[in-house]
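Source file: protein18.cif. Holds: mmCIF, C-alpha atoms and all ligand atoms.
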```cif
data_final
#
loop_
_atom_site.label_atom_id
_atom_site.label_comp_id
_atom_site.auth_asym_id
_atom_site.auth_seq_id
_atom_site.Cartn_x
_atom_site.Cartn_y
_atom_site.Cartn_z
CA MET A 1 -12.77 -102.25 34.28
CA ALA A 2 -13.89 -100.92 37.63
CA SER A 3 -11.78 -98.71 39.88
CA ILE A 4 -10.79 -99.60 43.44
CA HIS A 5 -13.63 -97.79 45.20
CA ILE A 6 -16.28 -97.52 42.45
CA ALA A 7 -17.69 -100.66 40.84
CA ALA A 8 -18.77 -98.98 37.57
CA GLU A 9 -17.43 -99.97 34.17
CA VAL A 10 -15.92 -97.11 32.19
CA GLY A 11 -18.83 -95.43 30.39
CA GLU A 12 -21.33 -96.04 33.18
CA VAL A 13 -20.59 -92.71 34.89
CA ALA A 14 -21.78 -89.51 33.20
CA GLU A 15 -19.49 -86.54 32.51
CA SER A 16 -21.64 -84.48 34.91
CA VAL A 17 -21.61 -85.74 38.49
CA LEU A 18 -23.40 -84.48 41.61
CA LEU A 19 -21.48 -85.26 44.79
CA PRO A 20 -23.38 -85.53 48.08
CA GLY A 21 -21.34 -86.63 51.08
CA ASP A 22 -24.08 -88.94 52.32
CA PRO A 23 -24.58 -92.01 50.09
CA VAL A 24 -28.25 -92.24 51.11
CA ARG A 25 -28.68 -88.70 49.76
CA ALA A 26 -27.26 -89.97 46.47
CA LYS A 27 -30.04 -92.57 46.38
CA ILE A 28 -32.69 -89.98 47.30
CA ILE A 29 -31.48 -87.59 44.58
CA ALA A 30 -31.43 -90.36 41.97
CA GLU A 31 -34.91 -91.60 42.93
CA ASN A 32 -36.55 -88.16 43.17
CA PHE A 33 -34.87 -86.11 40.47
CA LEU A 34 -33.58 -88.48 37.75
CA GLU A 35 -35.19 -90.82 35.23
CA ASP A 36 -33.92 -94.12 33.78
CA VAL A 37 -31.75 -94.57 36.87
CA HIS A 38 -29.30 -97.37 37.34
CA GLN A 39 -27.01 -97.98 40.29
CA TYR A 40 -23.39 -98.60 39.27
CA THR A 41 -21.73 -99.03 42.65
CA ALA A 42 -22.36 -100.04 46.25
CA ILE A 43 -18.76 -100.63 47.36
CA ARG A 44 -18.59 -99.76 51.10
CA ASN A 45 -22.26 -98.73 50.82
CA ILE A 46 -21.07 -95.54 49.11
CA PHE A 47 -23.68 -95.56 46.35
CA GLY A 48 -23.45 -94.15 42.83
CA PHE A 49 -26.19 -93.83 40.21
CA THR A 50 -26.52 -92.65 36.63
CA GLY A 51 -29.79 -91.38 35.22
CA LYS A 52 -31.23 -88.60 33.10
CA TYR A 53 -32.33 -85.09 34.02
CA LYS A 54 -34.34 -83.36 31.29
CA GLY A 55 -32.83 -85.85 28.84
CA GLU A 56 -29.18 -85.25 29.86
CA ARG A 57 -27.06 -87.96 31.50
CA VAL A 58 -26.14 -87.12 35.08
CA SER A 59 -24.52 -89.24 37.79
CA VAL A 60 -24.82 -88.90 41.55
CA GLN A 61 -21.94 -90.29 43.59
CA GLY A 62 -21.64 -90.35 47.39
CA THR A 63 -18.24 -89.18 48.61
CA GLY A 64 -18.21 -89.84 52.36
CA MET A 65 -17.14 -87.10 54.75
CA GLY A 66 -13.91 -85.13 54.74
CA ILE A 67 -11.07 -84.34 52.36
CA PRO A 68 -9.41 -87.80 52.38
CA SER A 69 -12.65 -89.58 51.53
CA ILE A 70 -13.85 -87.20 48.78
CA SER A 71 -10.32 -87.13 47.32
CA ILE A 72 -10.48 -90.87 46.59
CA TYR A 73 -13.81 -90.60 44.76
CA LEU A 74 -12.75 -87.46 42.88
CA HIS A 75 -9.57 -89.11 41.63
CA GLU A 76 -11.40 -92.16 40.31
CA LEU A 77 -14.31 -90.15 38.84
CA ILE A 78 -11.97 -87.80 36.99
CA HIS A 79 -9.10 -90.08 36.00
CA VAL A 80 -10.84 -93.44 35.48
CA TYR A 81 -14.36 -92.43 34.43
CA GLY A 82 -13.71 -89.10 32.70
CA ALA A 83 -15.93 -86.82 34.82
CA LYS A 84 -15.77 -83.25 33.54
CA LYS A 85 -18.34 -81.28 35.56
CA LEU A 86 -18.43 -81.99 39.27
CA ILE A 87 -20.83 -80.31 41.67
CA ARG A 88 -20.65 -81.05 45.37
CA VAL A 89 -24.08 -80.81 47.00
CA GLY A 90 -23.64 -80.86 50.75
CA THR A 91 -24.33 -79.22 54.06
CA CYS A 92 -22.32 -76.59 55.88
CA GLY A 93 -22.24 -74.69 59.15
CA GLY A 94 -22.99 -70.97 58.81
CA MET A 95 -20.42 -68.78 60.54
CA ASN A 96 -21.31 -65.28 59.41
CA GLU A 97 -23.96 -62.76 60.51
CA ASP A 98 -25.50 -62.83 57.02
CA ILE A 99 -25.95 -66.61 56.93
CA ARG A 100 -28.93 -68.40 58.47
CA VAL A 101 -29.94 -72.06 58.66
CA ARG A 102 -31.59 -73.26 55.41
CA ASP A 103 -29.72 -70.70 53.31
CA VAL A 104 -28.07 -72.04 50.17
CA VAL A 105 -24.40 -71.08 49.91
CA ILE A 106 -22.39 -71.31 46.68
CA ALA A 107 -18.64 -71.53 47.27
CA GLN A 108 -16.85 -69.09 44.99
CA GLY A 109 -13.65 -70.12 46.75
CA ALA A 110 -12.49 -72.50 49.45
CA SER A 111 -9.97 -71.73 52.15
CA THR A 112 -8.67 -74.66 54.15
CA ASP A 113 -6.74 -75.70 57.24
CA SER A 114 -5.84 -78.97 55.48
CA SER A 115 -2.31 -79.59 54.19
CA ILE A 116 -3.43 -80.60 50.68
CA VAL A 117 -2.24 -77.39 49.00
CA HIS A 118 1.06 -77.66 50.84
CA GLN A 119 1.43 -81.24 49.64
CA VAL A 120 1.26 -80.03 46.03
CA PHE A 121 3.22 -76.76 46.20
CA GLY A 122 5.47 -77.43 49.16
CA GLY A 123 4.59 -74.13 50.81
CA ALA A 124 5.93 -72.09 47.88
CA VAL A 125 2.46 -70.97 46.80
CA ASN A 126 -0.79 -70.33 48.70
CA PHE A 127 -2.79 -71.58 45.74
CA SER A 128 -6.29 -70.05 45.43
CA LEU A 129 -8.94 -72.75 45.42
CA LEU A 130 -11.68 -71.46 43.14
CA ALA A 131 -14.96 -72.60 41.67
CA ASP A 132 -15.16 -72.89 37.91
CA PHE A 133 -16.46 -69.49 36.79
CA GLU A 134 -18.78 -70.86 34.12
CA LEU A 135 -20.47 -73.27 36.55
CA LEU A 136 -20.61 -70.56 39.21
CA SER A 137 -22.31 -68.06 36.95
CA LYS A 138 -24.71 -70.70 35.58
CA ALA A 139 -25.64 -71.69 39.14
CA VAL A 140 -26.33 -68.08 40.08
CA ASP A 141 -28.46 -67.67 36.92
CA ALA A 142 -30.32 -70.94 37.64
CA ALA A 143 -31.03 -69.83 41.21
CA ARG A 144 -32.40 -66.50 39.92
CA THR A 145 -34.59 -68.24 37.35
CA LEU A 146 -35.91 -70.61 40.04
CA ASN A 147 -36.42 -67.63 42.35
CA LEU A 148 -34.24 -69.23 45.02
CA PRO A 149 -31.98 -66.89 47.00
CA VAL A 150 -28.32 -67.91 47.31
CA LYS A 151 -25.27 -66.47 49.07
CA VAL A 152 -22.00 -66.59 47.13
CA GLY A 153 -18.54 -66.29 48.67
CA ASN A 154 -15.58 -67.89 50.37
CA ILE A 155 -16.01 -70.90 52.65
CA ILE A 156 -13.58 -72.95 54.74
CA SER A 157 -12.99 -76.67 54.37
CA THR A 158 -11.77 -77.92 57.70
CA ASP A 159 -10.26 -81.26 58.67
CA LEU A 160 -11.85 -81.27 62.13
CA PHE A 161 -15.61 -81.31 62.63
CA TYR A 162 -15.05 -81.40 66.38
CA ASN A 163 -12.47 -78.77 67.23
CA ASP A 164 -11.98 -76.26 70.01
CA TYR A 165 -12.24 -73.23 67.71
CA ASP A 166 -15.31 -72.14 69.65
CA ASP A 167 -13.95 -72.91 73.07
CA PRO A 168 -14.19 -69.47 74.76
CA HIS A 169 -11.07 -70.21 76.79
CA GLY A 170 -8.94 -71.71 74.04
CA THR A 171 -6.68 -70.18 71.40
CA PHE A 172 -9.41 -70.82 68.82
CA GLY A 173 -12.26 -69.59 71.04
CA ALA A 174 -15.39 -67.69 70.08
CA GLY A 175 -14.13 -64.30 71.28
CA LYS A 176 -12.43 -61.54 69.32
CA ASN A 177 -9.38 -62.49 67.27
CA THR A 178 -9.96 -66.19 67.70
CA PHE A 179 -9.67 -68.41 64.65
CA ASN A 180 -13.39 -68.39 63.78
CA ASP A 181 -13.67 -64.68 64.47
CA LYS A 182 -10.83 -63.91 62.07
CA LEU A 183 -12.32 -66.12 59.39
CA ARG A 184 -15.67 -64.37 59.84
CA ARG A 185 -14.06 -60.94 59.61
CA HIS A 186 -12.37 -62.01 56.38
CA GLY A 187 -15.79 -62.81 54.93
CA ILE A 188 -15.83 -66.59 55.28
CA LEU A 189 -19.50 -67.58 55.06
CA ALA A 190 -19.55 -71.18 56.18
CA VAL A 191 -17.59 -74.27 57.15
CA GLU A 192 -17.69 -77.74 55.61
CA MET A 193 -15.14 -80.48 55.03
CA GLU A 194 -14.70 -81.29 51.31
CA CYS A 195 -14.79 -78.32 48.93
CA ALA A 196 -11.06 -77.51 48.99
CA ALA A 197 -10.22 -81.01 47.76
CA LEU A 198 -12.72 -80.70 44.92
CA TYR A 199 -11.35 -77.34 43.76
CA LEU A 200 -7.74 -78.48 44.01
CA GLN A 201 -8.23 -81.73 42.09
CA ALA A 202 -10.39 -80.01 39.48
CA ALA A 203 -7.64 -77.41 38.95
CA ALA A 204 -4.99 -80.12 38.64
CA ALA A 205 -7.05 -82.00 36.05
CA GLN A 206 -8.49 -78.86 34.40
CA VAL A 207 -12.09 -79.96 34.81
CA GLN A 208 -15.03 -77.89 36.06
CA ALA A 209 -16.08 -77.89 39.72
CA LEU A 210 -18.54 -76.12 41.99
CA THR A 211 -19.80 -76.55 45.56
CA ILE A 212 -23.35 -75.75 46.65
CA CYS A 213 -24.27 -76.26 50.30
CA THR A 214 -27.34 -75.84 52.44
CA VAL A 215 -26.74 -74.41 55.89
CA SER A 216 -27.65 -77.16 58.38
CA ASP A 217 -26.34 -75.42 61.50
CA ASP A 218 -25.44 -71.90 62.56
CA LEU A 219 -22.23 -71.74 64.53
CA LEU A 220 -22.77 -68.11 65.58
CA ARG A 221 -26.32 -68.41 66.89
CA LYS A 222 -26.12 -72.10 67.86
CA GLU A 223 -29.18 -72.98 65.78
CA PHE A 224 -29.85 -76.19 63.87
CA CYS A 225 -32.20 -77.13 61.03
CA THR A 226 -35.07 -79.47 61.73
CA PRO A 227 -35.06 -82.53 59.43
CA GLU A 228 -38.08 -81.08 57.53
CA GLU A 229 -36.37 -77.72 56.98
CA ARG A 230 -33.25 -79.55 55.89
CA GLN A 231 -35.21 -81.46 53.24
CA SER A 232 -36.80 -78.41 51.58
CA SER A 233 -33.58 -76.40 51.32
CA PHE A 234 -31.84 -79.60 50.21
CA ASN A 235 -34.31 -79.91 47.33
CA ASP A 236 -33.68 -76.27 46.31
CA MET A 237 -29.94 -76.93 46.21
CA ILE A 238 -30.38 -80.05 44.04
CA LYS A 239 -32.60 -78.16 41.57
CA ILE A 240 -29.95 -75.45 41.22
CA ALA A 241 -27.20 -78.06 40.74
CA LEU A 242 -29.13 -80.03 38.12
CA GLU A 243 -30.16 -76.93 36.16
CA THR A 244 -26.49 -75.84 36.25
CA VAL A 245 -25.04 -79.06 34.82
CA ILE A 246 -27.51 -79.30 31.94
CA GLN A 247 -27.12 -75.68 30.75
N1 LIG B 1 -18.59 -78.06 60.58
C1 LIG B 1 -18.01 -78.75 59.60
N2 LIG B 1 -18.69 -79.29 58.61
C2 LIG B 1 -20.02 -79.14 58.60
C3 LIG B 1 -20.67 -78.42 59.59
C4 LIG B 1 -19.91 -77.86 60.63
O1 LIG B 1 -20.45 -77.22 61.54
N3 LIG B 1 -22.00 -78.46 59.31
C5 LIG B 1 -22.15 -79.17 58.17
N4 LIG B 1 -20.94 -79.58 57.73
#
```

If you took the structure in this file and wrote it as structure tokens, what would it be?
Ligand code: HPA
Amino acid sequence: MASIHIAAEVGEVAESVLLPGDPVRAKIIAENFLEDVHQYTAIRNIFGFTGKYKGERVSVQGTGMGIPSISIYLHELIHVYGAKKLIRVGTCGGMNEDIRVRDVVIAQGASTDSSIVHQVFGGAVNFSLLADFELLSKAVDAARTLNLPVKVGNIISTDLFYNDYDDPHGTFGAGKNTFNDKLRRHGILAVEMECAALYLQAAAAQVQALTICTVSDDLLRKEFCTPEERQSSFNDMIKIALETVIQ
């Protein structure tokens, strides 16, 4: 029996799932990093594949962009297909002095401006959205073994890609005490749009989750990755994620 948004039969999706936002990235990961690949879904052109990495079954499922989209795929992967280890592999915008384009960031925690935590706890608790510690420490070990530098810390999952946080004249402007400035001064490394949903749903279902991102743009310095630079740091991130799930 397939789910509403994923055409796979139960059993076709592995317990370990990599989650790129872009479905074409899912195809690229499957084709370049996995063996014995088969595609189990193309509903809405959001592709999903299962294959083997070093003999272990691994799936790669596109999630689309943003918390509502990834939340749909997470629910079906966890509750219909039994996914147990979920690693988002995406891009993020660097927003801290220490973060440069092409860096790989591992999200130890996710802050968010989304209402998803409020929807669960009704405002009674500011629930901490955390990575699974075992996956986090394995990813850091894998990165060290591969000799790939990573930055580990808190990120923010935002609902708005286009916002006026960096409008110098607005409440959220780039100056001192604006929204982004406060996040930066509280150690937020980067911004993306999905991690908080992953950590919340994983906590609710008591499964393991981690987010690894490559920095595609630098909000502080207004720099962007070239497509070639994006590809090489993207490959580093995938290697770390795959070595993490098989350990
Ligand atoms: N904002 C939000 N999400 C992102 C960004 C960004 O600048 N870059 C990559 N994902």

Wanna dump the chain A-ligand LIG 1 (chain B) contacts at 10 Å for me, each residue with its shortest atom pair and the distance in Å to one decimal, counting all atoms listed in the file, ordered by chain and number, as CSV?
```
residue,atom,partner,partner_atom,distance
A:Gly21,CA,B:LIG1,N4,9.7
A:Met65,CA,B:LIG1,N2,8.8
A:Gly66,CA,B:LIG1,N2,8.5
A:Gly90,CA,B:LIG1,N4,7.6
A:Thr91,CA,B:LIG1,C5,4.7
A:Cys92,CA,B:LIG1,C5,3.5
A:Gly93,CA,B:LIG1,N3,3.8
A:Gly94,CA,B:LIG1,O1,7.3
A:Met95,CA,B:LIG1,O1,8.5
A:Ile156,CA,B:LIG1,C1,8.8
A:Ser157,CA,B:LIG1,C1,7.5
A:Thr158,CA,B:LIG1,C1,6.6
A:Asp159,CA,B:LIG1,C1,8.2
A:Leu160,CA,B:LIG1,C1,7.1
A:Phe161,CA,B:LIG1,C1,4.6
A:Tyr162,CA,B:LIG1,N1,7.6
A:Asn163,CA,B:LIG1,N1,9.1
A:Ala190,CA,B:LIG1,C4,8.0
A:Val191,CA,B:LIG1,C1,5.1
A:Glu192,CA,B:LIG1,N2,3.5
A:Met193,CA,B:LIG1,N2,5.2
A:Glu194,CA,B:LIG1,N2,8.6
A:Cys213,CA,B:LIG1,C5,8.7
A:Thr214,CA,B:LIG1,C5,8.4
A:Val215,CA,B:LIG1,C5,7.0
A:Ser216,CA,B:LIG1,C5,5.9
A:Asp217,CA,B:LIG1,N3,5.7
A:Asp218,CA,B:LIG1,O1,7.4
A:Leu219,CA,B:LIG1,O1,6.5
A:Lys222,CA,B:LIG1,O1,9.9
A:Phe224,CA,B:LIG1,N3,9.4
```

From the list A:Asn96, A:Thr145, A:Ser233, A:Gln108, the nearest residue to Asp181 (chain A) using only C-alpha atoms is A:Asn96

Distance query His186 (chain A) at most 12 Å, all atoms listed in the file, self and fewer than 6 positions along chain excluded, as a list in words:
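Listed by chain and then number, they are Met95, Asn96, Ser111, Gly153, Asn154, Ile155, Ile156, Asn177, Phe179 and Asn180 of chain A.
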
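The closest residue to Gln39 (chain A), picked from A:Lys138, A:Lys27, A:Arg102, A:Arg144 and counting only C-alpha atoms, is A:Lys27.
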
Among the residues A:Ile6, A:Ala14, A:Leu130, A:Ala202, the one that comes closest to Gly109 (chain A) [using only C-alpha atoms]
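Under the stated criterion, the closest residue is A:Leu130.
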
For Phe133 (chain A), which of A:Ala107, A:Glu76, A:Ile43, A:Gly187 is the closest residue, counting all atoms listed in the file?
A:Ala107

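Here CA of Glu243 (chain A) stands at a distance of 17.4 Å from CA of Gln61 (chain A).
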
Protein, DNA and RNA residues within 12 Å of (-6.6, -78.5, 35.9), all atoms listed in the file, as a PyMOL selection string
chain A and resi 78-79+84+129-132+198-209

Between CA of Leu242 (chain A) and CA of Ala30 (chain A), what is the spacing in Å?
11.3 Å

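The closest residue to Leu18 (chain A), picked from A:Leu146, A:Cys195, A:Leu210, A:Leu136 and counting all atoms listed in the file, is A:Leu210.
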
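Proximity to Gln119 (chain A) was assessed for A:Val101, A:Val13, A:Ala197, A:Ile4 counting only C-alpha atoms; the smallest distance is recorded for A:Ala197.
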
CA of Glu9 (chain A) to CA of Leu135 (chain A): how many Å, to one decimal?
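Spanning CA of Glu9 (chain A) to CA of Leu135 (chain A) is a straight-line distance of 27.0 Å.
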
Polymer residues at most 9 Å from region 45-52 of chain A, only C-alpha atoms, same-chain spacing of 3 or more positions, as a VMD selection string
chain A and resid 5 to 8 12 to 14 17 22 to 24 26 to 27 30 33 to 42 55 to 64

Using only the atoms of region 14-31 of chain A listed in the file, plus 6 Å on each side, state the axis-aligned box centre and edge lengths in Å rounded to one decimal, as lines of an AutoDock Vina configuration file.
```
center_x = -27.2
center_y = -88.5
center_z = 42.4
size_x = 27.4
size_y = 20.1
size_z = 31.8
```

Could I see region 65-76 of chain A restored to all heavy atoms, set down as an mmCIF file, in the frame of the given file?
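So the final result, stored in selection.cif, reads:
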```cif
data_model
loop_
_atom_site.group_PDB
_atom_site.id
_atom_site.type_symbol
_atom_site.label_atom_id
_atom_site.label_comp_id
_atom_site.auth_asym_id
_atom_site.auth_seq_id
_atom_site.Cartn_x
_atom_site.Cartn_y
_atom_site.Cartn_z
ATOM 1 N N MET A 65 -17.435 -88.394 54.127
ATOM 2 C CA MET A 65 -17.140 -87.100 54.750
ATOM 3 C C MET A 65 -15.642 -86.820 54.789
ATOM 4 O O MET A 65 -14.852 -87.712 55.075
ATOM 5 C CB MET A 65 -17.668 -87.092 56.192
ATOM 6 C CG MET A 65 -19.166 -87.059 56.264
ATOM 7 S SD MET A 65 -19.739 -87.022 57.977
ATOM 8 C CE MET A 65 -19.479 -88.711 58.458
ATOM 9 N N GLY A 66 -15.288 -85.567 54.536
ATOM 10 C CA GLY A 66 -13.910 -85.130 54.740
ATOM 11 C C GLY A 66 -13.062 -85.214 53.486
ATOM 12 O O GLY A 66 -13.385 -85.894 52.511
ATOM 13 N N ILE A 67 -11.966 -84.468 53.521
ATOM 14 C CA ILE A 67 -11.070 -84.340 52.360
ATOM 15 C C ILE A 67 -10.468 -85.687 51.934
ATOM 16 O O ILE A 67 -10.459 -86.003 50.745
ATOM 17 C CB ILE A 67 -10.009 -83.255 52.646
ATOM 18 C CG1 ILE A 67 -10.678 -81.875 52.531
ATOM 19 C CG2 ILE A 67 -8.808 -83.375 51.716
ATOM 20 C CD1 ILE A 67 -9.816 -80.703 52.955
ATOM 21 N N PRO A 68 -9.973 -86.522 52.852
ATOM 22 C CA PRO A 68 -9.410 -87.800 52.380
ATOM 23 C C PRO A 68 -10.435 -88.658 51.646
ATOM 24 O O PRO A 68 -10.121 -89.246 50.603
ATOM 25 C CB PRO A 68 -8.932 -88.476 53.671
ATOM 26 C CG PRO A 68 -8.660 -87.345 54.602
ATOM 27 C CD PRO A 68 -9.725 -86.329 54.290
ATOM 28 N N SER A 69 -11.654 -88.727 52.167
ATOM 29 C CA SER A 69 -12.650 -89.580 51.530
ATOM 30 C C SER A 69 -13.054 -89.030 50.152
ATOM 31 O O SER A 69 -13.001 -89.742 49.145
ATOM 32 C CB SER A 69 -13.879 -89.731 52.433
ATOM 33 O OG SER A 69 -14.808 -90.618 51.854
ATOM 34 N N ILE A 70 -13.415 -87.744 50.088
ATOM 35 C CA ILE A 70 -13.850 -87.200 48.780
ATOM 36 C C ILE A 70 -12.706 -87.263 47.774
ATOM 37 O O ILE A 70 -12.925 -87.496 46.590
ATOM 38 C CB ILE A 70 -14.428 -85.764 48.893
ATOM 39 C CG1 ILE A 70 -15.182 -85.409 47.592
ATOM 40 C CG2 ILE A 70 -13.374 -84.731 49.196
ATOM 41 C CD1 ILE A 70 -15.947 -84.107 47.618
ATOM 42 N N SER A 71 -11.467 -87.128 48.236
ATOM 43 C CA SER A 71 -10.320 -87.130 47.320
ATOM 44 C C SER A 71 -10.201 -88.452 46.564
ATOM 45 O O SER A 71 -9.827 -88.478 45.394
ATOM 46 C CB SER A 71 -9.015 -86.870 48.084
ATOM 47 O OG SER A 71 -9.037 -85.566 48.629
ATOM 48 N N ILE A 72 -10.527 -89.541 47.241
ATOM 49 C CA ILE A 72 -10.480 -90.870 46.590
ATOM 50 C C ILE A 72 -11.507 -90.925 45.464
ATOM 51 O O ILE A 72 -11.200 -91.310 44.332
ATOM 52 C CB ILE A 72 -10.755 -91.967 47.634
ATOM 53 C CG1 ILE A 72 -9.577 -92.075 48.608
ATOM 54 C CG2 ILE A 72 -11.039 -93.308 46.951
ATOM 55 C CD1 ILE A 72 -9.850 -92.958 49.819
ATOM 56 N N TYR A 73 -12.746 -90.528 45.782
ATOM 57 C CA TYR A 73 -13.810 -90.600 44.760
ATOM 58 C C TYR A 73 -13.545 -89.640 43.616
ATOM 59 O O TYR A 73 -13.757 -89.966 42.449
ATOM 60 C CB TYR A 73 -15.190 -90.380 45.412
ATOM 61 C CG TYR A 73 -15.493 -91.522 46.337
ATOM 62 C CD1 TYR A 73 -15.229 -91.421 47.704
ATOM 63 C CD2 TYR A 73 -15.931 -92.740 45.835
ATOM 64 C CE1 TYR A 73 -15.430 -92.502 48.544
ATOM 65 C CE2 TYR A 73 -16.128 -93.818 46.665
ATOM 66 C CZ TYR A 73 -15.878 -93.694 48.024
ATOM 67 O OH TYR A 73 -16.059 -94.775 48.833
ATOM 68 N N LEU A 74 -13.047 -88.444 43.938
ATOM 69 C CA LEU A 74 -12.750 -87.460 42.880
ATOM 70 C C LEU A 74 -11.702 -88.014 41.930
ATOM 71 O O LEU A 74 -11.833 -87.912 40.713
ATOM 72 C CB LEU A 74 -12.218 -86.166 43.502
ATOM 73 C CG LEU A 74 -13.235 -85.324 44.274
ATOM 74 C CD1 LEU A 74 -12.521 -84.189 44.997
ATOM 75 C CD2 LEU A 74 -14.316 -84.779 43.339
ATOM 76 N N HIS A 75 -10.648 -88.591 42.482
ATOM 77 C CA HIS A 75 -9.570 -89.110 41.630
ATOM 78 C C HIS A 75 -10.123 -90.148 40.652
ATOM 79 O O HIS A 75 -9.855 -90.086 39.452
ATOM 80 C CB HIS A 75 -8.448 -89.717 42.474
ATOM 81 C CG HIS A 75 -7.311 -90.190 41.627
ATOM 82 N ND1 HIS A 75 -6.208 -89.415 41.349
ATOM 83 C CD2 HIS A 75 -7.141 -91.344 40.938
ATOM 84 C CE1 HIS A 75 -5.409 -90.076 40.537
ATOM 85 N NE2 HIS A 75 -5.943 -91.258 40.286
ATOM 86 N N GLU A 76 -10.903 -91.086 41.171
ATOM 87 C CA GLU A 76 -11.400 -92.160 40.310
ATOM 88 C C GLU A 76 -12.432 -91.625 39.309
ATOM 89 O O GLU A 76 -12.430 -92.002 38.135
ATOM 90 C CB GLU A 76 -11.944 -93.307 41.169
ATOM 91 C CG GLU A 76 -10.791 -93.947 41.963
ATOM 92 C CD GLU A 76 -11.181 -95.091 42.890
ATOM 93 O OE1 GLU A 76 -12.322 -95.582 42.818
ATOM 94 O OE2 GLU A 76 -10.312 -95.502 43.704
#
```
